[in-house]
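J.: If it helps, the file is called model_39.cif and holds mmCIF, C-alpha atoms:
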data_entry
#
loop_
_atom_site.label_atom_id
_atom_site.label_comp_id
_atom_site.auth_asym_id
_atom_site.auth_seq_id
_atom_site.Cartn_x
_atom_site.Cartn_y
_atom_site.Cartn_z
CA MET A 1 -23.14 -59.52 59.03
CA SER A 2 -25.18 -56.76 60.71
CA ALA A 3 -26.26 -53.64 58.83
CA ASP A 4 -23.87 -51.54 60.95
CA THR A 5 -20.95 -53.83 60.18
CA GLU A 6 -21.75 -53.94 56.47
CA LEU A 7 -21.98 -50.14 56.31
CA PHE A 8 -18.66 -49.68 58.11
CA GLU A 9 -16.86 -52.27 55.98
CA GLY A 10 -18.11 -50.52 52.86
CA LEU A 11 -16.37 -47.33 54.04
CA ARG A 12 -13.27 -48.91 55.60
CA SER A 13 -10.99 -48.29 52.61
CA GLN A 14 -11.98 -44.62 52.38
CA LEU A 15 -11.51 -44.15 56.11
CA HIS A 16 -8.11 -45.86 56.04
CA LEU A 17 -6.87 -43.72 53.14
CA LEU A 18 -8.04 -40.59 54.94
CA ALA A 19 -6.08 -41.58 58.06
CA TYR A 20 -3.05 -42.62 55.97
CA ARG A 21 -2.98 -39.24 54.21
CA MET A 22 -3.29 -37.44 57.53
CA LEU A 23 -0.68 -39.44 59.46
CA GLY A 24 1.58 -40.89 56.75
CA ASP A 25 1.74 -44.20 58.58
CA ASN A 26 -0.22 -47.35 57.76
CA ALA A 27 -0.14 -48.95 61.21
CA SER A 28 -1.34 -45.73 62.85
CA ALA A 29 -4.04 -45.39 60.21
CA GLN A 30 -5.24 -48.94 60.94
CA ASP A 31 -5.35 -48.16 64.66
CA ILE A 32 -7.42 -45.04 63.98
CA VAL A 33 -9.90 -46.95 61.83
CA GLN A 34 -10.21 -49.69 64.44
CA ASN A 35 -10.86 -47.08 67.11
CA ALA A 36 -13.52 -45.53 64.88
CA TRP A 37 -15.14 -48.95 64.47
CA LEU A 38 -15.32 -49.42 68.24
CA ARG A 39 -16.96 -46.02 68.64
CA TRP A 40 -19.39 -46.81 65.83
CA GLU A 41 -20.26 -50.22 67.28
CA ARG A 42 -20.75 -48.89 70.83
CA ARG A 43 -22.64 -45.69 70.02
CA ASP A 44 -25.94 -45.19 71.82
CA VAL A 45 -27.48 -42.60 69.49
CA GLU A 46 -29.18 -42.85 66.11
CA VAL A 47 -26.99 -41.46 63.31
CA GLU A 48 -28.76 -39.85 60.35
CA ALA A 49 -25.65 -39.50 58.17
CA PRO A 50 -23.37 -42.48 58.91
CA ARG A 51 -20.70 -41.63 56.30
CA ALA A 52 -20.27 -38.08 57.59
CA TYR A 53 -20.30 -39.34 61.17
CA LEU A 54 -17.52 -41.86 60.49
CA ILE A 55 -15.39 -39.45 58.46
CA LYS A 56 -15.69 -36.87 61.23
CA THR A 57 -14.79 -39.52 63.81
CA VAL A 58 -11.68 -40.60 61.91
CA MET A 59 -10.62 -37.00 61.30
CA ARG A 60 -11.03 -36.07 64.96
CA LEU A 61 -9.05 -39.15 66.03
CA CYS A 62 -6.29 -38.21 63.58
CA LEU A 63 -6.14 -34.64 64.86
CA ASN A 64 -6.04 -35.91 68.46
CA GLU A 65 -3.19 -38.25 67.53
CA MET A 66 -1.27 -35.39 65.90
CA GLU A 67 -1.63 -33.36 69.09
CA SER A 68 -0.33 -36.18 71.28
CA ALA A 69 3.05 -35.99 72.99
CA ARG A 70 4.21 -39.17 71.24
CA PHE A 71 3.39 -37.83 67.78
CA ARG A 72 4.98 -34.46 68.50
CA LYS A 73 8.14 -36.16 69.75
CA GLU A 74 8.39 -38.31 66.63
CA HIS A 75 8.04 -35.26 64.40
CA ALA A 76 10.17 -32.89 66.45
CA PHE A 77 13.45 -33.62 64.68
CA GLY A 78 12.31 -32.65 61.18
CA LEU A 79 10.12 -33.43 58.19
CA ARG A 80 8.81 -37.01 58.28
CA LEU A 81 8.38 -38.98 55.09
CA PRO A 82 5.26 -41.14 54.79
CA GLU A 83 5.34 -44.90 54.87
CA PRO A 84 5.71 -46.19 51.29
CA VAL A 85 3.20 -48.74 50.07
CA GLN A 86 3.99 -51.28 47.37
CA THR A 87 1.62 -51.06 44.40
CA ASP A 88 3.34 -53.52 42.08
CA SER A 89 0.98 -56.31 43.06
CA GLU A 90 -2.57 -57.10 42.03
CA SER A 91 -4.02 -56.85 45.52
CA GLU A 92 -6.98 -54.61 46.28
CA GLU A 93 -4.86 -52.69 48.81
CA ALA A 94 -2.23 -51.93 46.14
CA GLU A 95 -4.86 -50.41 43.86
CA LEU A 96 -6.05 -48.07 46.60
CA TYR A 97 -2.68 -46.33 46.88
CA GLU A 98 -1.92 -45.89 43.20
CA GLY A 99 -2.86 -42.21 43.01
CA ILE A 100 -0.96 -41.11 46.12
CA SER A 101 2.52 -40.07 44.99
CA MET A 102 5.34 -39.63 47.48
CA ALA A 103 5.78 -36.00 46.34
CA PHE A 104 2.15 -35.19 47.14
CA LEU A 105 2.30 -36.95 50.51
CA VAL A 106 5.43 -34.98 51.39
CA MET A 107 3.57 -31.77 50.58
CA LEU A 108 0.73 -32.88 52.86
CA GLN A 109 3.25 -33.45 55.67
CA ARG A 110 4.33 -29.81 55.32
CA LEU A 111 0.83 -28.54 56.04
CA THR A 112 -0.51 -27.85 59.50
CA PRO A 113 -2.95 -30.51 60.78
CA ALA A 114 -5.89 -28.14 60.23
CA GLU A 115 -4.80 -27.29 56.68
CA ARG A 116 -4.36 -30.96 55.88
CA ALA A 117 -7.79 -31.79 57.30
CA VAL A 118 -9.62 -29.09 55.35
CA LEU A 119 -7.85 -29.92 52.09
CA LEU A 120 -8.69 -33.63 52.33
CA LEU A 121 -12.28 -33.13 53.46
CA HIS A 122 -12.92 -30.61 50.68
CA GLU A 123 -11.12 -32.30 47.80
CA LEU A 124 -11.19 -35.98 48.71
CA PHE A 125 -14.75 -36.12 50.03
CA GLY A 126 -16.28 -33.01 48.46
CA TYR A 127 -17.56 -31.43 51.66
CA ALA A 128 -18.66 -27.79 51.61
CA HIS A 129 -17.07 -25.32 53.99
CA ALA A 130 -20.15 -25.20 56.23
CA GLU A 131 -19.93 -28.99 56.67
CA ILE A 132 -16.16 -28.90 57.25
CA ALA A 133 -16.57 -26.12 59.79
CA ALA A 134 -19.05 -28.26 61.75
CA MET A 135 -16.68 -31.24 61.67
CA LEU A 136 -13.64 -29.27 62.84
CA ASP A 137 -15.35 -26.79 65.17
CA LYS A 138 -14.31 -23.83 63.03
CA SER A 139 -16.16 -21.13 61.12
CA PRO A 140 -16.79 -21.45 57.36
CA ALA A 141 -14.55 -18.42 56.83
CA ALA A 142 -11.71 -20.11 58.70
CA SER A 143 -12.21 -23.24 56.61
CA ARG A 144 -11.92 -21.23 53.39
CA GLN A 145 -8.75 -19.54 54.60
CA LEU A 146 -7.19 -22.87 55.58
CA LEU A 147 -8.05 -24.32 52.16
CA ARG A 148 -6.49 -21.35 50.35
CA ARG A 149 -3.26 -21.76 52.29
CA ALA A 150 -3.20 -25.51 51.75
CA LYS A 151 -3.82 -25.24 48.00
CA THR A 152 -1.01 -22.73 47.65
CA SER A 153 1.37 -25.07 49.45
CA VAL A 154 0.54 -28.21 47.45
CA ALA A 155 0.04 -26.64 44.02
CA ASP A 156 3.61 -27.43 42.97
CA ALA A 157 3.33 -31.10 43.94
CA ARG A 158 0.13 -31.49 41.97
CA ARG A 159 1.51 -30.09 38.75
CA ALA A 160 1.45 -32.87 36.17
CA ARG A 161 4.71 -34.70 35.61
CA ASP A 162 5.77 -35.03 31.98
CA VAL A 163 7.54 -38.37 32.30
CA SER A 164 6.43 -41.92 31.54
CA PRO A 165 6.98 -44.79 34.02
CA GLU A 166 9.80 -46.15 31.86
CA ARG A 167 11.50 -42.76 31.72
CA HIS A 168 11.03 -42.50 35.48
CA ARG A 169 12.84 -45.82 35.89
CA GLU A 170 15.68 -44.54 33.70
CA PHE A 171 16.07 -41.55 36.02
CA LEU A 172 16.15 -43.87 39.03
CA ARG A 173 18.83 -46.08 37.47
CA ALA A 174 20.93 -43.09 36.43
CA PHE A 175 20.62 -41.45 39.84
CA ALA A 176 21.55 -44.66 41.68
CA ALA A 177 24.53 -45.32 39.40
CA ALA A 178 25.88 -41.80 39.80
CA ALA A 179 25.32 -41.86 43.57
CA ASN A 180 27.08 -45.20 44.00
CA ALA A 181 30.01 -44.00 41.89
CA GLY A 182 30.26 -40.68 43.73
CA ASP A 183 29.79 -38.96 40.34
CA GLN A 184 28.91 -35.42 41.34
CA ALA A 185 28.97 -34.09 37.77
CA THR A 186 26.34 -36.55 36.55
CA LEU A 187 24.17 -35.89 39.59
CA LEU A 188 24.27 -32.18 38.77
CA GLU A 189 23.08 -32.95 35.25
CA LEU A 190 20.16 -35.01 36.58
CA LEU A 191 18.96 -32.54 39.24
CA SER A 192 16.97 -29.37 38.72
CA GLU A 193 18.53 -26.24 40.15
CA ASP A 194 15.95 -25.92 42.94
CA ALA A 195 15.69 -29.65 43.75
CA ILE A 196 15.10 -30.80 47.32
CA LEU A 197 16.44 -33.85 49.19
CA VAL A 198 14.53 -35.20 52.19
CA VAL A 199 15.86 -38.09 54.29
CA ASP A 200 13.85 -39.71 57.09
CA ALA A 201 15.72 -42.19 59.29
CA GLY A 202 13.06 -42.19 62.01
CA PRO A 203 12.96 -40.65 65.49
CA GLY A 204 16.09 -42.55 66.55
CA GLY A 205 18.10 -41.50 63.53
CA ALA A 206 20.60 -43.64 61.64
CA THR A 207 24.17 -43.67 60.44
CA PHE A 208 25.04 -44.02 56.77
CA GLY A 209 28.75 -44.34 56.19
CA ARG A 210 30.29 -41.65 58.39
CA THR A 211 27.18 -39.46 58.28
CA ARG A 212 24.57 -39.55 61.06
CA ASN A 213 21.12 -38.18 60.33
CA LEU A 214 20.22 -35.24 58.14
CA PRO A 215 18.58 -32.65 60.38
CA ALA A 216 16.83 -30.72 57.61
CA PRO A 217 16.03 -31.03 53.90
CA VAL A 218 18.85 -30.15 51.53
CA GLN A 219 17.89 -27.54 48.92
CA GLY A 220 19.60 -26.97 45.59
CA ALA A 221 21.31 -29.19 43.01
CA THR A 222 24.85 -28.28 44.03
CA LYS A 223 24.38 -29.14 47.70
CA ILE A 224 22.42 -32.32 46.96
CA ALA A 225 24.95 -33.59 44.42
CA ALA A 226 27.84 -32.94 46.79
CA PHE A 227 26.08 -34.65 49.70
CA VAL A 228 24.90 -37.70 47.75
CA ALA A 229 28.23 -38.17 45.96
CA ALA A 230 30.15 -38.02 49.25
CA VAL A 231 27.86 -40.14 51.40
CA THR A 232 26.52 -42.92 49.16
CA PRO A 233 29.81 -44.72 48.42
CA GLN A 234 30.51 -44.81 52.18
CA GLY A 235 27.34 -46.63 53.13
CA ASN A 236 26.27 -48.82 50.22
CA ALA A 237 28.53 -51.80 50.97
CA GLY A 238 26.53 -55.01 51.28
CA LEU A 239 23.34 -53.47 49.91
CA ARG A 240 21.54 -54.55 46.78
CA THR A 241 18.93 -52.54 44.94
CA ARG A 242 15.78 -53.45 43.09
CA LEU A 243 13.18 -51.46 41.20
CA SER A 244 9.66 -51.56 42.56
CA GLU A 245 6.45 -49.55 42.36
CA LEU A 246 5.52 -47.58 45.45
CA ASN A 247 2.41 -45.43 45.75
CA GLY A 248 1.79 -45.86 42.04
CA HIS A 249 5.23 -44.68 40.88
CA PRO A 250 8.60 -46.36 40.19
CA ALA A 251 10.98 -46.36 43.15
CA LEU A 252 14.11 -48.12 44.37
CA ILE A 253 14.29 -50.37 47.42
CA THR A 254 17.76 -50.97 48.86
CA ILE A 255 18.00 -54.28 50.67
CA GLY A 256 20.48 -55.41 53.33
CA LYS A 257 20.97 -58.70 55.12
CA ASN A 258 18.05 -57.95 57.46
CA GLY A 259 15.60 -56.86 54.78
CA PRO A 260 14.65 -53.48 53.31
CA HIS A 261 17.18 -50.81 54.26
CA SER A 262 15.75 -47.73 52.53
CA VAL A 263 13.49 -46.51 49.76
CA ILE A 264 14.48 -43.93 47.17
CA ALA A 265 11.67 -42.10 45.40
CA LEU A 266 12.05 -39.28 42.90
CA SER A 267 9.79 -36.58 41.56
CA ILE A 268 10.60 -35.45 38.03
CA ARG A 269 9.57 -32.34 36.14
CA ALA A 270 10.72 -30.78 32.87
CA GLY A 271 13.33 -33.46 32.30
CA ARG A 272 15.07 -33.08 35.67
CA ILE A 273 14.79 -34.55 39.15
CA ASP A 274 13.21 -31.94 41.40
CA GLY A 275 12.73 -34.10 44.50
CA VAL A 276 14.72 -36.93 46.12
CA PHE A 277 12.96 -38.70 49.00
CA ILE A 278 14.84 -41.31 51.02
CA GLN A 279 12.82 -43.24 53.60
CA ALA A 280 15.15 -45.13 55.95
CA ASP A 281 12.99 -45.47 59.06
CA PRO A 282 12.80 -49.24 59.79
CA ALA A 283 9.34 -48.81 61.30
CA ARG A 284 8.06 -47.33 58.05
CA LEU A 285 9.65 -50.01 55.87
CA ARG A 286 8.09 -52.95 57.71
CA GLY A 287 5.35 -53.41 55.11
CA LEU A 288 7.74 -53.88 52.18
CA THR A 289 8.67 -57.28 50.81
CA PRO A 290 12.34 -57.58 49.86
#
Show me this structure written as structure tokens.
T.:
Amino acid sequence: MSADTELFEGLRSQLHLLAYRMLGDNASAQDIVQNAWLRWERRDVEVEAPRAYLIKTVMRLCLNEMESARFRKEHAFGLRLPEPVQTDSESEEAELYEGISMAFLVMLQRLTPAERAVLLLHELFGYAHAEIAAMLDKSPAASRQLLRRAKTSVADARRARDVSPERHREFLRAFAAAANAGDQATLLELLSEDAILVVDAGPGGATFGRTRNLPAPVQGATKIAAFVAAVTPQGNAGLRTRLSELNGHPALITIGKNGPHSVIALSIRAGRIDGVFIQADPARLRGLTP
């Protein structure tokens, strides 16, 4: 193995996680890292700071991807949910994703590409604003402003949860049971007043029971309970459910005859569910084992 290859392979996991956080999609992140490798391998200049060079390369490729017509079209219909990654195995890849909760990734998706980039470069890699400014072709003052806005947006998602994994599983079981039974009263008891429901069925959309798509997040316990209680009993025929661990937290995978049908992840605070995230895009469930 050449020195260049060894150096790149030593950074591959970091580069992949950076691209995954930026794009929310594992396959796209792998493509970005592969593209970065090709640029690294074919460069014709001496690089004094290889790590910074590669991080900048991956970040620029991510930002270019987010500006592409294809990416904009995929995200035009509403808030996308990231691709969930199973972490209930002992693989090295599973360990990498353990600290990346669905709630935090959803908050990242709400940021502008520039805000997301500055937040990750500053907090994930520890770069100073002068270094970030050079990477993103912005001024240090602009970098500071972007970081302030990003931190304000994600502060709520980063607040520590006060629930153990077992308690989290109890919430998942109770939520699923109430949803399947159409029990609106129990759902209201489980949800916080300002809870949010986000469903992502992919760019093509999907039909669940008699309901097609959900064009925007649903805000508030009353609306969420009414929606979930009405829709779930219509569309759960033939599906089975199993508990798993996704992105380091308990989650439910619903499974149909063709494999994974959807993922249900919850965020919990102060003894109530404050976020319900349902990923039902087949392209973003391809990495799950049923």
J.: Restrict the calculation to all atoms listed in the file, then for each residue of stretch 23-140 of chain A with any atom at most 12 Å from an atom of stretch 147-156 of chain A give the closest atom pair and their distance in Å to one decimal, rows by chain and rising residue number, as CSV.
T.:
residue,atom,partner,partner_atom,distance
A:Ala103,CA,A:Val154,CA,9.5
A:Phe104,CA,A:Val154,CA,7.2
A:Leu105,CA,A:Val154,CA,9.4
A:Val106,CA,A:Val154,CA,9.2
A:Met107,CA,A:Val154,CA,5.6
A:Leu108,CA,A:Val154,CA,7.1
A:Gln109,CA,A:Val154,CA,10.1
A:Arg110,CA,A:Ser153,CA,8.1
A:Leu111,CA,A:Ala150,CA,6.6
A:Thr112,CA,A:Ala150,CA,8.5
A:Pro113,CA,A:Ala150,CA,10.3
A:Ala114,CA,A:Leu147,CA,9.2
A:Glu115,CA,A:Ala150,CA,5.5
A:Arg116,CA,A:Ala150,CA,6.9
A:Ala117,CA,A:Leu147,CA,9.1
A:Val118,CA,A:Leu147,CA,5.9
A:Leu119,CA,A:Leu147,CA,5.6
A:Leu120,CA,A:Leu147,CA,9.3
A:Leu121,CA,A:Leu147,CA,9.9
A:His122,CA,A:Leu147,CA,8.1
A:Glu123,CA,A:Leu147,CA,9.6
A:Tyr127,CA,A:Leu147,CA,11.9
A:Ala128,CA,A:Leu147,CA,11.2
A:His129,CA,A:Leu147,CA,9.3
A:Ile132,CA,A:Leu147,CA,10.6
A:Ala133,CA,A:Leu147,CA,11.6
A:Pro140,CA,A:Leu147,CA,10.6
J.: Carefully work through the PyMOL selection byres ((chain A and resi 71) around 12) for this structure and note down the residues it includes, as a PDB file with C-alpha atoms, keeping the file's coordinate frame.
T.:
ATOM      1  CA  LEU A  23      -0.680 -39.440  59.460  1.00  0.00           C
ATOM      2  CA  GLY A  24       1.580 -40.890  56.750  1.00  0.00           C
ATOM      3  CA  ASP A  25       1.740 -44.200  58.580  1.00  0.00           C
ATOM      4  CA  SER A  28      -1.340 -45.730  62.850  1.00  0.00           C
ATOM      5  CA  CYS A  62      -6.290 -38.210  63.580  1.00  0.00           C
ATOM      6  CA  LEU A  63      -6.140 -34.640  64.860  1.00  0.00           C
ATOM      7  CA  ASN A  64      -6.040 -35.910  68.460  1.00  0.00           C
ATOM      8  CA  GLU A  65      -3.190 -38.250  67.530  1.00  0.00           C
ATOM      9  CA  MET A  66      -1.270 -35.390  65.900  1.00  0.00           C
ATOM     10  CA  GLU A  67      -1.630 -33.360  69.090  1.00  0.00           C
ATOM     11  CA  SER A  68      -0.330 -36.180  71.280  1.00  0.00           C
ATOM     12  CA  ALA A  69       3.050 -35.990  72.990  1.00  0.00           C
ATOM     13  CA  ARG A  70       4.210 -39.170  71.240  1.00  0.00           C
ATOM     14  CA  ARG A  72       4.980 -34.460  68.500  1.00  0.00           C
ATOM     15  CA  LYS A  73       8.140 -36.160  69.750  1.00  0.00           C
ATOM     16  CA  GLU A  74       8.390 -38.310  66.630  1.00  0.00           C
ATOM     17  CA  HIS A  75       8.040 -35.260  64.400  1.00  0.00           C
ATOM     18  CA  ALA A  76      10.170 -32.890  66.450  1.00  0.00           C
ATOM     19  CA  PHE A  77      13.450 -33.620  64.680  1.00  0.00           C
ATOM     20  CA  ARG A  80       8.810 -37.010  58.280  1.00  0.00           C
ATOM     21  CA  PRO A 113      -2.950 -30.510  60.780  1.00  0.00           C
ATOM     22  CA  PRO A 203      12.960 -40.650  65.490  1.00  0.00           C
TER      23      PRO A 203
END
J.: For A:Gly259, find every residue with an atom within 10 Å (counting all atoms listed in the file), except residues of its own chain fewer than 6 positions away, and show them as a PyMOL selection string.
T.: chain A and resi 239+253+282+285-286+288-290
J.: Please write the residues picked by the PyMOL selection byres ((chain A and resi 51) around 12) on this file as a PyMOL selection string.
T.: chain A and resi 4+7-12+14-15+36+40+47-50+52-58+125+127
J.: Between A:Leu243, A:Ala176, A:Leu136, A:Met22, which residue has the minimum interatomic distance to A:Leu124, considering only C-alpha atoms?
T.: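 Among A:Leu243, A:Ala176, A:Leu136, A:Met22, it is A:Met22 that comes nearest to A:Leu124.
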J.: In Å, how far is it from atom CA of A:Ile273 to atom CA of A:Ser101?
T.: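 Atom-to-atom, atom CA of A:Ile273 and atom CA of A:Ser101 are spaced 14.7 Å apart.
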J.: One decimal, Å: what's the distance from atom CA of A:Pro250 over to atom CA of A:Ala265, could you say?
T.: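 Result for atom CA of A:Pro250 versus atom CA of A:Ala265: 7.4 Å, one decimal.
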J.: Choose the residue, out of A:Gly287, A:Gly182, A:Pro84, A:Gly126, that has the smallest atom-to-atom separation from A:Gln234; count all atoms listed in the file.
T.: A:Gly182
J.: With a distance cut-off of 10 Å and all atoms listed in the file, select the neighbouring residues of A:Arg173, excluding the residue or stretch itself and same-chain residues fewer than 6 positions from it, and output the selection as a PDB file with C-alpha atoms, in the coordinates of the input.
T.:
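Output file around_31.pdb is given in full below:
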ATOM      1  CA  ARG A 167      11.500 -42.760  31.720  1.00  0.00           C
ATOM      2  CA  ALA A 179      25.320 -41.860  43.570  1.00  0.00           C
ATOM      3  CA  THR A 241      18.930 -52.540  44.940  1.00  0.00           C
ATOM      4  CA  ARG A 242      15.780 -53.450  43.090  1.00  0.00           C
ATOM      5  CA  LEU A 243      13.180 -51.460  41.200  1.00  0.00           C
ATOM      6  CA  ALA A 251      10.980 -46.360  43.150  1.00  0.00           C
ATOM      7  CA  LEU A 252      14.110 -48.120  44.370  1.00  0.00           C
TER       8      LEU A 252
END
J.: One decimal, in Å: what's the spacing between atom CA of A:Leu188 and atom CA of A:Gly220?
T.: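 Computed distance, atom CA of A:Leu188 to atom CA of A:Gly220, equals 9.8 Å.
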J.: Applying the PyMOL selection byres ((chain A and resi 29-35) around 6) to the file I just gave you, which residues come out? Please list them as a PyMOL selection string.
T.: chain A and resi 16+19-20+26-28+36-38
J.: I'd like to know which of A:Thr5, A:Ala237, A:Thr232, A:Val199 is closest to A:Arg42, using all atoms listed in the file.
T.: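 So, comparing all the options, the nearest one is A:Thr5.
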J.: Of the candidates A:Gly256, A:Gly271, A:Pro217, A:Pro233, which one gets nearest to A:Ser164 if we count only C-alpha atoms?
T.: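 Smallest distance to A:Ser164 is found for A:Gly271.
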J.: Could you name the residues that touch A:Met102 at 12 Å or less, counting only C-alpha atoms, but leaving out those on the same chain fewer than 2 positions away, as a PyMOL selection string?
T.: chain A and resi 21+24+80-86+97-100+104-109+157-158+198+245-251+263-268+275-279
J.: Residues around (25.6, -36.8, 46.0), cut-off 8 Å, counting only C-alpha atoms - what are they as a VMD selection string?
T.: chain A and resid 178 to 179 182 to 184 187 223 to 232
